[in-house]
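> You'll find run01.cif just under this line, and it carries mmCIF, C-alpha atoms and all ligand atoms.
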```cif
data_start
#
loop_
_atom_site.label_atom_id
_atom_site.label_comp_id
_atom_site.auth_asym_id
_atom_site.auth_seq_id
_atom_site.Cartn_x
_atom_site.Cartn_y
_atom_site.Cartn_z
CA MET J 1 139.96 137.88 107.94
CA GLU J 2 136.43 138.30 109.18
CA THR J 3 135.42 135.61 111.68
CA LYS J 4 131.82 134.50 111.12
CA LEU J 5 129.69 133.79 114.18
CA LEU J 6 127.34 130.84 113.62
CA ASP J 7 124.76 130.29 116.35
CA VAL J 8 124.02 126.57 116.61
CA THR J 9 122.38 126.58 120.03
CA ASP J 10 119.18 125.33 118.41
CA LEU J 11 120.78 122.31 116.78
CA GLU J 12 117.63 121.13 115.00
CA HIS J 13 117.57 124.31 112.94
CA ALA J 14 121.32 124.65 112.49
CA GLY J 15 121.61 122.42 109.41
CA GLU J 16 122.64 125.16 107.00
CA LYS J 17 125.19 126.67 109.34
CA LEU J 18 126.78 123.27 110.01
CA ALA J 19 126.86 122.51 106.28
CA TYR J 20 128.62 125.83 105.70
CA ALA J 21 131.12 125.14 108.53
CA GLY J 22 131.76 121.69 107.06
CA SER J 23 132.53 123.18 103.65
CA VAL J 24 134.98 125.67 105.22
CA LEU J 25 136.78 122.78 106.94
CA ARG J 26 136.91 120.67 103.77
CA ALA J 27 138.50 123.61 101.97
CA GLY J 28 141.26 123.77 104.61
CA GLY J 29 139.72 126.55 106.76
CA LEU J 30 139.47 126.77 110.55
CA VAL J 31 136.24 126.63 112.58
CA ALA J 32 136.03 126.76 116.40
CA PHE J 33 133.51 124.38 117.93
CA PRO J 34 132.03 123.55 121.34
CA THR J 35 132.77 120.24 123.05
CA GLU J 36 131.83 118.97 126.51
CA THR J 37 135.36 119.82 127.81
CA VAL J 38 136.43 123.19 126.32
CA TYR J 39 135.95 124.89 122.93
CA GLY J 40 138.21 123.44 120.22
CA LEU J 41 139.82 124.98 117.14
CA GLY J 42 138.98 122.66 114.26
CA GLY J 43 140.82 121.99 111.01
CA ASP J 44 141.11 118.96 108.70
CA ALA J 45 143.46 116.66 110.64
CA LEU J 46 144.68 115.00 107.42
CA ASN J 47 145.59 118.30 105.73
CA PRO J 48 149.07 119.49 106.78
CA ASN J 49 148.30 123.07 105.69
CA ALA J 50 145.22 123.23 107.91
CA ALA J 51 147.28 121.86 110.82
CA ALA J 52 149.98 124.49 110.19
CA ASP J 53 147.31 127.22 110.16
CA ILE J 54 146.01 126.02 113.55
CA TYR J 55 149.46 126.50 115.09
CA LYS J 56 149.69 129.94 113.49
CA ALA J 57 146.24 131.09 114.66
CA LYS J 58 146.91 129.99 118.26
CA GLY J 59 150.57 131.02 118.35
CA ARG J 60 151.20 127.44 119.50
CA PRO J 61 154.72 125.92 119.54
CA SER J 62 154.92 123.54 116.58
CA ASP J 63 156.16 120.58 118.66
CA ASN J 64 152.92 120.51 120.67
CA PRO J 65 150.73 117.90 118.96
CA LEU J 66 147.02 118.31 118.18
CA ILE J 67 144.27 115.98 119.36
CA VAL J 68 142.27 114.45 116.50
CA HIS J 69 138.47 114.29 116.93
CA ILE J 70 136.30 111.61 115.35
CA SER J 71 132.53 111.08 115.26
CA GLU J 72 132.46 107.24 115.26
CA ILE J 73 134.72 104.64 116.84
CA SER J 74 135.27 103.21 113.35
CA GLY J 75 137.03 106.46 112.42
CA LEU J 76 140.00 105.33 114.52
CA GLU J 77 141.07 102.73 111.93
CA GLN J 78 142.23 105.38 109.47
CA LEU J 79 144.32 107.16 112.13
CA ALA J 80 145.91 104.56 114.39
CA GLY J 81 148.28 101.66 113.93
CA ARG J 82 147.97 98.97 116.60
CA VAL J 83 144.90 99.25 118.85
CA THR J 84 145.09 97.03 121.95
CA ASP J 85 142.27 95.17 123.72
CA LYS J 86 142.62 97.58 126.63
CA ALA J 87 142.07 100.53 124.30
CA GLU J 88 139.02 98.82 122.80
CA LYS J 89 137.54 98.39 126.28
CA LEU J 90 138.20 102.03 127.14
CA MET J 91 136.62 103.43 124.00
CA GLU J 92 133.58 101.25 124.52
CA ALA J 93 133.27 102.58 128.06
CA PHE J 94 134.18 106.25 127.63
CA TRP J 95 133.58 107.31 124.01
CA PRO J 96 131.95 109.61 123.29
CA GLY J 97 133.51 111.37 126.28
CA PRO J 98 136.44 113.31 127.77
CA LEU J 99 139.13 110.63 127.28
CA THR J 100 141.90 111.07 124.69
CA MET J 101 144.02 108.04 123.83
CA ILE J 102 147.45 107.99 122.21
CA PHE J 103 148.28 105.38 119.58
CA GLU J 104 151.01 104.77 117.01
CA LYS J 105 149.91 106.87 114.06
CA SER J 106 148.99 105.58 110.61
CA GLY J 107 150.65 106.84 107.43
CA GLU J 108 147.60 108.99 106.70
CA VAL J 109 148.12 111.33 109.65
CA PRO J 110 150.58 114.08 108.70
CA LEU J 111 153.47 114.88 111.03
CA ALA J 112 152.24 118.47 110.95
CA THR J 113 149.25 117.30 113.02
CA THR J 114 151.27 115.25 115.53
CA GLY J 115 153.97 117.84 116.13
CA GLY J 116 156.47 115.53 114.44
CA LEU J 117 155.67 112.53 116.72
CA PRO J 118 155.11 108.98 115.44
CA THR J 119 152.00 108.81 117.64
CA VAL J 120 148.54 110.36 117.38
CA ALA J 121 146.09 111.47 120.09
CA VAL J 122 142.43 110.65 119.33
CA ARG J 123 139.13 111.40 121.02
CA MET J 124 135.42 111.11 120.27
CA PRO J 125 133.77 114.10 121.99
CA ASP J 126 130.42 113.86 123.77
CA HIS J 127 128.68 116.86 122.24
CA PRO J 128 126.00 116.70 119.53
CA VAL J 129 127.34 119.83 117.77
CA THR J 130 130.90 118.48 117.53
CA LEU J 131 129.71 115.11 116.25
CA ALA J 132 127.45 116.76 113.65
CA LEU J 133 130.28 119.06 112.54
CA ILE J 134 132.74 116.19 112.06
CA ARG J 135 130.12 114.34 109.98
CA GLU J 136 129.47 117.44 107.86
CA ALA J 137 133.19 118.00 107.31
CA GLY J 138 133.65 114.37 106.30
CA CYS J 139 137.14 114.27 107.82
CA PRO J 140 138.63 113.86 111.29
CA LEU J 141 139.19 117.25 112.93
CA ALA J 142 142.35 118.37 114.65
CA GLY J 143 141.09 120.36 117.62
CA PRO J 144 143.34 121.93 120.24
CA SER J 145 141.72 124.30 122.71
CA ALA J 146 140.48 127.41 120.86
CA ASN J 147 142.51 129.96 122.83
CA LEU J 148 145.72 131.85 122.18
CA SER J 149 148.57 129.65 123.37
CA GLY J 150 149.27 130.26 127.07
CA ARG J 151 145.88 131.85 127.88
CA PRO J 152 143.21 130.14 130.01
CA SER J 153 141.28 127.56 127.98
CA PRO J 154 137.96 128.75 126.49
CA THR J 155 134.80 127.36 128.04
CA ARG J 156 132.39 129.83 126.36
CA TRP J 157 132.24 130.99 122.77
CA GLU J 158 132.91 134.55 123.95
CA HIS J 159 136.36 133.41 125.15
CA VAL J 160 137.12 132.08 121.66
CA TYR J 161 136.00 135.37 120.13
CA GLU J 162 138.18 137.31 122.57
CA ASP J 163 141.33 135.36 121.57
CA LEU J 164 140.85 134.36 117.93
CA SER J 165 138.51 136.84 116.27
CA GLY J 166 140.09 137.93 112.98
CA ARG J 167 142.41 134.88 112.97
CA ILE J 168 140.01 132.05 112.04
CA ASP J 169 137.09 131.56 109.60
CA ALA J 170 134.21 130.90 111.96
CA ILE J 171 133.06 130.19 115.52
CA LEU J 172 130.13 127.91 116.33
CA GLN J 173 128.23 129.52 119.20
CA ALA J 174 126.65 127.15 121.72
CA GLU J 175 126.21 126.75 125.47
CA PRO J 176 129.11 127.00 127.96
CA CYS J 177 131.08 123.74 128.25
CA ARG J 178 129.83 121.42 130.98
CA VAL J 179 133.16 119.82 131.99
CA GLY J 180 135.34 122.93 131.79
CA ILE J 181 138.79 121.31 131.84
CA GLU J 182 140.41 119.45 128.96
CA SER J 183 140.18 115.69 128.42
CA THR J 184 142.22 113.09 130.27
CA VAL J 185 145.13 112.17 127.96
CA LEU J 186 146.09 108.49 128.23
CA ASP J 187 149.12 106.97 126.54
CA MET J 188 148.14 103.56 125.16
CA THR J 189 151.44 102.85 123.39
CA GLU J 190 153.04 101.08 126.42
CA ASP J 191 151.82 97.93 128.21
CA THR J 192 150.75 99.99 131.20
CA PRO J 193 148.57 102.96 130.18
CA ALA J 194 149.89 106.27 131.52
CA ILE J 195 147.93 109.44 132.23
CA LEU J 196 149.85 112.30 130.62
CA ARG J 197 147.22 114.93 131.42
CA PRO J 198 144.69 114.38 134.23
CA GLY J 199 141.00 115.09 133.65
CA ILE J 200 137.60 114.02 134.93
CA ILE J 201 138.08 110.43 133.71
CA THR J 202 140.07 109.24 136.72
CA PRO J 203 142.65 106.45 137.17
CA GLU J 204 140.06 104.47 139.17
CA MET J 205 137.54 104.66 136.32
CA ILE J 206 140.18 103.48 133.84
CA ARG J 207 141.44 100.71 136.13
CA ASP J 208 137.87 99.45 136.59
CA LYS J 209 137.45 98.97 132.86
CA ILE J 210 140.81 97.42 131.95
CA GLY J 211 141.16 95.37 135.14
CA GLY J 212 144.85 96.30 135.35
CA LYS J 213 147.33 98.96 136.25
CA VAL J 214 147.33 102.59 135.12
CA VAL J 215 149.96 105.14 136.16
CA TYR J 216 150.36 108.92 136.19
CA ASP J 217 153.22 110.29 134.05
CA PRO J 218 155.89 111.07 136.72
CA ALA J 219 156.36 114.50 135.11
CA LEU J 220 152.97 115.51 136.55
CA PHE J 221 154.62 115.65 139.97
CA VAL J 222 157.40 117.98 138.97
CA ASN J 223 157.37 121.65 139.94
CA ARG J 224 157.90 123.60 136.75
CA PRO J 225 158.48 127.31 136.37
CA ARG J 226 155.73 129.50 134.94
CA ASP J 227 157.52 129.90 131.63
CA VAL J 228 159.90 127.04 130.98
CA SER J 229 160.66 128.15 127.44
CA ALA J 230 161.80 131.54 128.72
CA GLY J 231 163.91 129.93 131.44
CA GLY J 232 161.86 131.33 134.34
CA THR J 233 162.25 130.11 137.90
CA PRO J 234 159.59 128.62 140.17
CA GLY J 235 158.25 130.97 142.79
CA GLY J 236 156.82 130.12 146.19
CA ARG J 237 156.77 126.75 147.87
CA ALA J 238 155.68 123.54 146.20
CA ASP J 239 152.67 121.56 147.33
CA GLY J 240 154.41 118.61 148.96
CA SER J 241 151.66 116.11 148.13
CA LEU J 242 151.50 117.07 144.48
CA LEU J 243 154.97 118.32 143.68
CA GLU J 244 157.74 116.33 145.25
CA GLN J 245 160.72 117.69 143.40
CA THR J 246 161.82 120.75 141.48
CA ASP J 247 163.56 118.85 138.74
CA GLY J 248 162.80 115.61 136.94
CA PRO J 249 161.67 113.89 133.78
CA ALA J 250 160.22 115.93 130.90
CA PRO J 251 156.50 115.29 130.35
CA LYS J 252 155.60 112.83 127.62
CA ALA J 253 152.81 115.13 126.40
CA PRO J 254 154.84 117.98 124.90
CA GLY J 255 152.09 120.47 125.69
CA MET J 256 152.41 119.87 129.42
CA LYS J 257 155.78 121.62 129.59
CA TYR J 258 154.64 125.00 128.31
CA ARG J 259 153.43 128.07 130.14
CA HIS J 260 149.73 127.54 130.29
CA TYR J 261 146.37 128.76 131.48
CA ALA J 262 147.88 132.02 132.67
CA PRO J 263 145.73 135.02 133.57
CA ARG J 264 147.24 138.47 132.99
CA ALA J 265 147.11 139.08 136.73
CA GLU J 266 149.64 137.66 139.14
CA MET J 267 148.20 134.64 140.99
CA ILE J 268 148.91 132.97 144.33
CA LEU J 269 147.46 129.70 145.65
CA TYR J 270 146.82 129.26 149.37
CA GLN J 271 146.91 125.75 150.75
CA GLY J 272 145.55 124.67 154.13
CA GLY J 273 142.26 124.38 156.02
CA ALA J 274 139.36 126.41 154.62
CA ALA J 275 139.22 128.86 157.53
CA ALA J 276 142.98 129.48 157.53
CA VAL J 277 142.99 129.94 153.76
CA ARG J 278 140.18 132.45 153.94
CA GLN J 279 141.88 134.38 156.72
CA ALA J 280 145.25 134.49 154.93
CA ALA J 281 143.65 135.55 151.65
CA LEU J 282 141.63 138.33 153.28
CA LYS J 283 144.70 139.59 155.14
CA ARG J 284 146.73 139.68 151.93
CA LYS J 285 143.82 141.34 150.13
CA ALA J 286 143.72 144.15 152.65
CA ALA J 287 147.47 144.65 152.40
CA GLU J 288 147.42 144.67 148.59
CA GLU J 289 144.51 147.12 148.49
CA ALA J 290 146.27 149.40 150.96
CA ALA J 291 149.15 149.43 148.45
CA GLY J 292 146.74 150.45 145.68
CA ARG J 293 146.43 147.07 143.93
CA SER J 294 143.08 145.51 143.06
CA VAL J 295 142.51 141.93 144.20
CA GLY J 296 140.34 139.06 142.98
CA LEU J 297 139.44 136.21 145.32
CA LEU J 298 138.80 132.65 144.11
CA LEU J 299 137.98 130.68 147.22
CA PHE J 300 135.38 128.21 145.87
CA GLU J 301 134.40 127.42 149.48
CA GLY J 302 132.58 124.13 149.91
CA GLU J 303 132.33 123.64 146.13
CA ASP J 304 132.70 120.22 144.56
CA ALA J 305 135.87 119.85 142.42
CA ARG J 306 133.67 119.16 139.36
CA LEU J 307 131.99 122.53 139.76
CA VAL J 308 135.33 124.28 140.21
CA ALA J 309 136.51 122.53 137.02
CA ARG J 310 133.55 123.98 135.14
CA GLU J 311 134.06 127.55 136.32
CA PHE J 312 137.81 127.93 136.86
CA PHE J 313 138.97 129.16 133.43
CA ALA J 314 135.94 131.43 133.04
CA GLU J 315 136.67 132.97 136.45
CA LEU J 316 140.27 133.72 135.44
CA ARG J 317 139.08 135.49 132.29
CA LYS J 318 136.46 137.40 134.26
CA MET J 319 139.14 138.63 136.65
CA ASP J 320 141.34 139.72 133.74
CA ALA J 321 138.41 141.54 132.14
CA SER J 322 137.74 143.43 135.37
CA GLY J 323 141.42 144.43 135.49
CA VAL J 324 142.50 142.91 138.81
CA ASP J 325 146.24 143.01 139.57
CA ILE J 326 146.43 139.91 141.71
CA ILE J 327 144.31 136.77 142.12
CA LEU J 328 144.30 134.97 145.48
CA ALA J 329 142.94 131.45 145.14
CA ALA J 330 142.36 128.47 147.40
CA ALA J 331 144.19 125.25 146.46
CA LEU J 332 142.01 122.16 146.03
CA ASP J 333 142.28 118.85 147.85
CA THR J 334 144.52 116.75 145.59
CA SER J 335 143.61 113.45 147.27
CA ASP J 336 140.43 113.64 145.19
CA PRO J 337 141.37 112.74 141.59
CA VAL J 338 139.22 115.48 140.07
CA GLY J 339 140.68 117.97 142.56
CA PHE J 340 144.13 116.76 141.45
CA SER J 341 143.19 117.41 137.81
CA VAL J 342 141.95 120.94 138.47
CA MET J 343 145.01 121.65 140.63
CA ASN J 344 147.21 120.62 137.68
CA ARG J 345 145.74 123.65 135.85
CA MET J 346 145.64 125.93 138.90
CA LEU J 347 149.33 125.41 139.63
CA LYS J 348 150.25 126.37 136.07
CA SER J 349 147.98 129.40 136.15
CA ALA J 350 149.70 130.52 139.34
CA GLY J 351 153.19 129.77 138.01
CA TYR J 352 153.48 127.27 140.92
CA ARG J 353 153.25 130.00 143.56
CA VAL J 354 151.81 128.23 146.58
CA GLU J 355 151.69 129.49 150.16
CA GLN J 356 151.04 127.05 152.98
CA VAL J 357 148.83 128.44 155.74
P1 LIG V 1 145.11 120.75 123.69
O1 LIG V 1 145.19 120.53 122.22
O2 LIG V 1 145.27 122.17 124.09
O3 LIG V 1 143.92 120.09 124.31
O4 LIG V 1 146.37 119.96 124.26
C1 LIG V 1 146.58 118.61 123.82
C2 LIG V 1 147.46 117.89 124.81
O5 LIG V 1 147.63 116.53 124.38
C3 LIG V 1 148.84 118.51 124.89
O6 LIG V 1 149.31 118.46 126.22
C4 LIG V 1 149.64 117.60 123.96
O7 LIG V 1 151.02 117.64 124.24
C5 LIG V 1 149.01 116.24 124.23
N1 LIG V 1 149.20 115.34 123.08
C6 LIG V 1 148.59 115.40 121.89
N2 LIG V 1 149.06 114.45 121.05
C7 LIG V 1 150.01 113.77 121.73
C8 LIG V 1 150.89 112.67 121.42
N3 LIG V 1 150.88 112.10 120.23
N4 LIG V 1 151.75 112.26 122.38
C9 LIG V 1 151.75 112.83 123.60
N5 LIG V 1 150.96 113.88 123.95
C10 LIG V 1 150.10 114.34 123.04
MG MG V 2 145.24 123.89 125.15
#
```
Can you turn what I pasted into structure tokens?

Amino acid sequence: METKLLDVTDLEHAGEKLAYAGSVLRAGGLVAFPTETVYGLGGDALNPNAAADIYKAKGRPSDNPLIVHISEISGLEQLAGRVTDKAEKLMEAFWPGPLTMIFEKSGEVPLATTGGLPTVAVRMPDHPVTLALIREAGCPLAGPSANLSGRPSPTRWEHVYEDLSGRIDAILQAEPCRVGIESTVLDMTEDTPAILRPGIITPEMIRDKIGGKVVYDPALFVNRPRDVSAGGTPGGRADGSLLEQTDGPAPKAPGMKYRHYAPRAEMILYQGGAAAVRQAALKRKAAEEAAGRSVGLLLFEGEDARLVAREFFAELRKMDASGVDIILAAALDTSDPVGFSVMNRMLKSAGYRVEQV
């Protein structure tokens, strides 16, 4: 299939292109779209065939549920069963924005969209193109990240093209994503909301709004091998503050257990003071180069975790494109909640290979 490129950077003059994309989606087709977090791969969330095609295009395991995107808070009614007062407060505070909430699903949401689960993940994205596209389509849009399963998430339309060209109907071209890591996923089906996937909406921000407790899914602190499905083993030493054990509960978000965000190159994280990290990385670089291997450095020195979040996936793809054999990266400070969220991705990218320096 030929994948159409539709430039919607100039949104005011993109009416025809959005109308076309909407008609493709209504007919069960797939259109990739920008959001503030990462690019998403859109299909009609209420059409089980469209959902099945999303899994096929991405090569995604079929038990890994899709997030459903809506353009108005009122769109939640059709999708969710019980919506608590806490959830109401959070959507008022953070929608549109990078917070996904999990609810019991309604009968209208097909199991093909939820990976067979009785719950549904919903988000209202904070991007004018996404909101306009959902309105044009006239249906909620299932929208996982628009990459091949396992690859770094796409934060520019070029990344989507690289992975999915020839596999989907169209790509909406817009600016690079401003957040750069995926939304915070929050389970609202229990009394105490639980963060299943950390993002830039932090526990403190959530706690402030609901005036009560919020917890991290304990599975976030488990050291998992690079490819669990293939039975791989963890390499290197775990980050004691982030990863306290090598075995433990399975994550409640099925997607969190899979090999993820992996560059083609081997990757090692260095953890310690900035100067020591730099020294260790440069020493390793020299040794690798002496052995004929090319090395990419990702030290992000002095950068704010939010900026690292924005650039991290793009940097991994850049390194792959330039053909490096090994990426040496500095670990982030996980006492900062955004640093913790980016490290959640970094650790997976590196297959949990961490060296303390
Ligand atoms: P992505 O679509 O790539 O942004 O990934 C979506 C993430 O949300 C994955 O980690 C999913 O496992 C998680 N997720 C989506 N729906 C649910 C749900 N109903 N219950 C738990 N986790 C979910
Ligand atoms: Mg993804």
> Any residue with an atom at most 8 Å from ligand MG 2 (chain V) counts, using only C-alpha atoms and all ligand atoms. Which are they? Put them as a list in words.
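I would give the residues around ligand MG 2 (chain V) as Pro144, Ser145, Ala146, Asn147, Ser149, Gly150, Ser153, Glu182, Gly255 and His260 of chain J.
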> Please provide as a PyMOL selection string all residues within 9 Å of stretch 26-33 of chain J, with the sequence filter that same-chain residues fewer than 5 positions apart are discarded (counting only C-alpha atoms).
chain J and resi 21+38-44+47+49-51+53-54+129-130+133+137-139+143+145-146+157+160+167-174
> All residues within 7 Å of ligand LIG 1 (chain V) are required, counting all atoms listed in the file; please report them as a list of chain:residue names.
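If we count all atoms listed in the file, the neighbours of ligand LIG 1 (chain V) turn out to be J:Asn64, J:Pro65, J:Leu66, J:Ile67, J:Ile102, J:Thr114, J:Leu117, J:Thr119, J:Val120, J:Ala121, J:Gly143, J:Pro144, J:Ser145, J:Glu182, J:Val185, J:Leu196, J:Arg197, J:Lys252, J:Ala253, J:Pro254, J:Gly255, J:Met256.
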> Can you work out which one of J:Pro193, J:Gly273, J:Gly211, J:Pro96 has the shortest atom-to-atom distance to J:Ala330, counting all atoms listed in the file?
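Closest residue, counting all atoms listed in the file: J:Gly273.
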> Counting all atoms listed in the file, which residue out of J:Arg293, J:Arg264, J:Lys283, J:Arg353 sits closest to J:Arg151?
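Residue with the minimum atom-to-atom distance to J:Arg151: J:Arg264.
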> Choose the residue, out of J:Val308, J:Met1, J:Leu316, J:Ile73, that has the smallest atom-to-atom separation from J:Ile200; count only C-alpha atoms.
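Looking at the shortest contact to J:Ile200, the residue is J:Val308.
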> Could you tell me how far atom CA of J:Gln356 sits from atom CA of J:Lys285, in Å to one decimal place?
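Distance between the two atoms: 16.3 Å.
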> So which residues touch J:Ile201 within 8 Å, counting all atoms listed in the file, skipping near sequence neighbours fewer than 2 positions away, as a list in words?
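That gives Pro98, Leu99, Ser183, Thr184, Pro198, Gly199, Pro203, Met205 and Ile206 of chain J.
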> How about saving the chosen residues, C-alpha atoms kept, as an mmCIF file, in the coordinates of the input?

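Below you can see again_7.cif, which holds the result:
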```cif
data_model
loop_
_atom_site.group_PDB
_atom_site.id
_atom_site.type_symbol
_atom_site.label_atom_id
_atom_site.label_comp_id
_atom_site.auth_asym_id
_atom_site.auth_seq_id
_atom_site.Cartn_x
_atom_site.Cartn_y
_atom_site.Cartn_z
ATOM 1 C CA PRO J 98 136.440 113.310 127.770
ATOM 2 C CA LEU J 99 139.130 110.630 127.280
ATOM 3 C CA SER J 183 140.180 115.690 128.420
ATOM 4 C CA THR J 184 142.220 113.090 130.270
ATOM 5 C CA PRO J 198 144.690 114.380 134.230
ATOM 6 C CA GLY J 199 141.000 115.090 133.650
ATOM 7 C CA PRO J 203 142.650 106.450 137.170
ATOM 8 C CA MET J 205 137.540 104.660 136.320
ATOM 9 C CA ILE J 206 140.180 103.480 133.840
#
```
> Counting all atoms listed in the file, which residue out of J:Pro48, J:Pro118, J:Pro128, J:Pro140 sits closest to J:Glu77?
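Looking at the shortest contact to J:Glu77, the residue is J:Pro140.
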> Please, what distance in Å, to one decimal, runs between atom CA of J:Val357 and atom CA of J:Glu288?
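It comes out at 17.8 Å.
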> What does the structure give for the distance between atom CA of J:Gln78 and atom CA of J:Asp187, in Å to one decimal?
18.5 Å
> Given all atoms listed in the file as the basis, pick out the residue of J:Lys17, J:Arg278, J:Arg156, J:Arg123 nearest to J:Ala142.
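Between J:Lys17, J:Arg278, J:Arg156, J:Arg123, the residue approaching J:Ala142 most closely is J:Arg123.
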> Skip J:Thr192 itself and residues of its chain fewer than 4 positions away, then list as a ChimeraX atom specification all residues within 8 Å of it, counting all atoms listed in the file.
/J:188,213-215
> Between J:Leu164, J:Ala112, J:Leu282, J:Val342, which has the minimum distance to J:Glu2 (counting all atoms listed in the file)?
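Looking only at the distances to J:Glu2, the closest residue turns out to be J:Leu164.
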> What are the centre and the three edge lengths of an axis-aligned box that wraps all atoms of stretch 98-115 of chain J in the file, given that 8 Å is added to every side, written as AutoDock Vina command-line options and rounded to one decimal in Å?

```
--center_x 145.2 --center_y 111.6 --center_z 117.2 --size_x 33.5 --size_y 29.7 --size_z 37.1
```
> Leaving out J:Arg82 and any residue of its chain fewer than 4 positions from it, which residues lie within 10 Å of it when counting all atoms listed in the file, given as a list in words?
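That gives Glu77, Ala87, Phe103, Glu104, Lys105, Ser106, Met188 and Thr189 of chain J.
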> Pick out the residues sitting within 12 Å of J:Ala281, and hand them over as a PyMOL selection string; count all atoms listed in the file, and ignore anything fewer than 5 positions along from it in its own chain.
chain J and resi 267-272+274-276+286-288+295-299+326-331+355-357
> Could N, CA and C atoms be built for stretch 151-170 of chain J and written out as a PDB file, keeping the file's coordinate frame?

```
ATOM      1  N   ARG J 151     147.035 131.241 127.193  1.00  0.00           N
ATOM      2  CA  ARG J 151     145.880 131.850 127.880  1.00  0.00           C
ATOM      3  C   ARG J 151     144.993 130.760 128.509  1.00  0.00           C
ATOM      4  N   PRO J 152     144.135 131.148 129.460  1.00  0.00           N
ATOM      5  CA  PRO J 152     143.210 130.140 130.010  1.00  0.00           C
ATOM      6  C   PRO J 152     142.365 129.522 128.890  1.00  0.00           C
ATOM      7  N   SER J 153     142.063 128.242 129.011  1.00  0.00           N
ATOM      8  CA  SER J 153     141.280 127.560 127.980  1.00  0.00           C
ATOM      9  C   SER J 153     139.873 128.162 127.888  1.00  0.00           C
ATOM     10  N   PRO J 154     139.277 128.132 126.695  1.00  0.00           N
ATOM     11  CA  PRO J 154     137.960 128.750 126.490  1.00  0.00           C
ATOM     12  C   PRO J 154     136.816 127.800 126.809  1.00  0.00           C
ATOM     13  N   THR J 155     135.937 128.203 127.702  1.00  0.00           N
ATOM     14  CA  THR J 155     134.800 127.360 128.040  1.00  0.00           C
ATOM     15  C   THR J 155     133.479 127.987 127.581  1.00  0.00           C
ATOM     16  N   ARG J 156     133.567 129.164 126.949  1.00  0.00           N
ATOM     17  CA  ARG J 156     132.390 129.830 126.360  1.00  0.00           C
ATOM     18  C   ARG J 156     132.801 130.380 125.009  1.00  0.00           C
ATOM     19  N   TRP J 157     131.851 130.515 124.095  1.00  0.00           N
ATOM     20  CA  TRP J 157     132.240 130.990 122.770  1.00  0.00           C
ATOM     21  C   TRP J 157     132.816 132.397 122.831  1.00  0.00           C
ATOM     22  N   GLU J 158     132.382 133.184 123.812  1.00  0.00           N
ATOM     23  CA  GLU J 158     132.910 134.550 123.950  1.00  0.00           C
ATOM     24  C   GLU J 158     134.427 134.541 124.195  1.00  0.00           C
ATOM     25  N   HIS J 159     134.910 133.513 124.900  1.00  0.00           N
ATOM     26  CA  HIS J 159     136.360 133.410 125.150  1.00  0.00           C
ATOM     27  C   HIS J 159     137.103 133.183 123.830  1.00  0.00           C
ATOM     28  N   VAL J 160     136.500 132.368 122.966  1.00  0.00           N
ATOM     29  CA  VAL J 160     137.120 132.080 121.660  1.00  0.00           C
ATOM     30  C   VAL J 160     137.180 133.375 120.860  1.00  0.00           C
ATOM     31  N   TYR J 161     136.082 134.112 120.884  1.00  0.00           N
ATOM     32  CA  TYR J 161     136.000 135.370 120.130  1.00  0.00           C
ATOM     33  C   TYR J 161     137.069 136.348 120.616  1.00  0.00           C
ATOM     34  N   GLU J 162     137.203 136.412 121.950  1.00  0.00           N
ATOM     35  CA  GLU J 162     138.180 137.310 122.570  1.00  0.00           C
ATOM     36  C   GLU J 162     139.606 137.027 122.040  1.00  0.00           C
ATOM     37  N   ASP J 163     139.947 135.739 121.927  1.00  0.00           N
ATOM     38  CA  ASP J 163     141.330 135.360 121.570  1.00  0.00           C
ATOM     39  C   ASP J 163     141.546 135.268 120.057  1.00  0.00           C
ATOM     40  N   LEU J 164     140.561 134.775 119.305  1.00  0.00           N
ATOM     41  CA  LEU J 164     140.850 134.360 117.930  1.00  0.00           C
ATOM     42  C   LEU J 164     140.065 135.110 116.857  1.00  0.00           C
ATOM     43  N   SER J 165     139.264 136.085 117.262  1.00  0.00           N
ATOM     44  CA  SER J 165     138.510 136.840 116.270  1.00  0.00           C
ATOM     45  C   SER J 165     139.483 137.520 115.296  1.00  0.00           C
ATOM     46  N   GLY J 166     139.205 137.377 113.997  1.00  0.00           N
ATOM     47  CA  GLY J 166     140.090 137.930 112.980  1.00  0.00           C
ATOM     48  C   GLY J 166     141.194 136.966 112.557  1.00  0.00           C
ATOM     49  N   ARG J 167     141.328 135.841 113.273  1.00  0.00           N
ATOM     50  CA  ARG J 167     142.410 134.880 112.970  1.00  0.00           C
ATOM     51  C   ARG J 167     141.897 133.564 112.418  1.00  0.00           C
ATOM     52  N   ILE J 168     140.570 133.317 112.520  1.00  0.00           N
ATOM     53  CA  ILE J 168     140.010 132.050 112.040  1.00  0.00           C
ATOM     54  C   ILE J 168     138.729 132.341 111.233  1.00  0.00           C
ATOM     55  N   ASP J 169     138.224 131.320 110.503  1.00  0.00           N
ATOM     56  CA  ASP J 169     137.090 131.560 109.600  1.00  0.00           C
ATOM     57  C   ASP J 169     135.762 131.711 110.326  1.00  0.00           C
ATOM     58  N   ALA J 170     135.529 130.861 111.328  1.00  0.00           N
ATOM     59  CA  ALA J 170     134.210 130.900 111.960  1.00  0.00           C
ATOM     60  C   ALA J 170     134.251 130.339 113.382  1.00  0.00           C
TER      61      ALA J 170
END
```
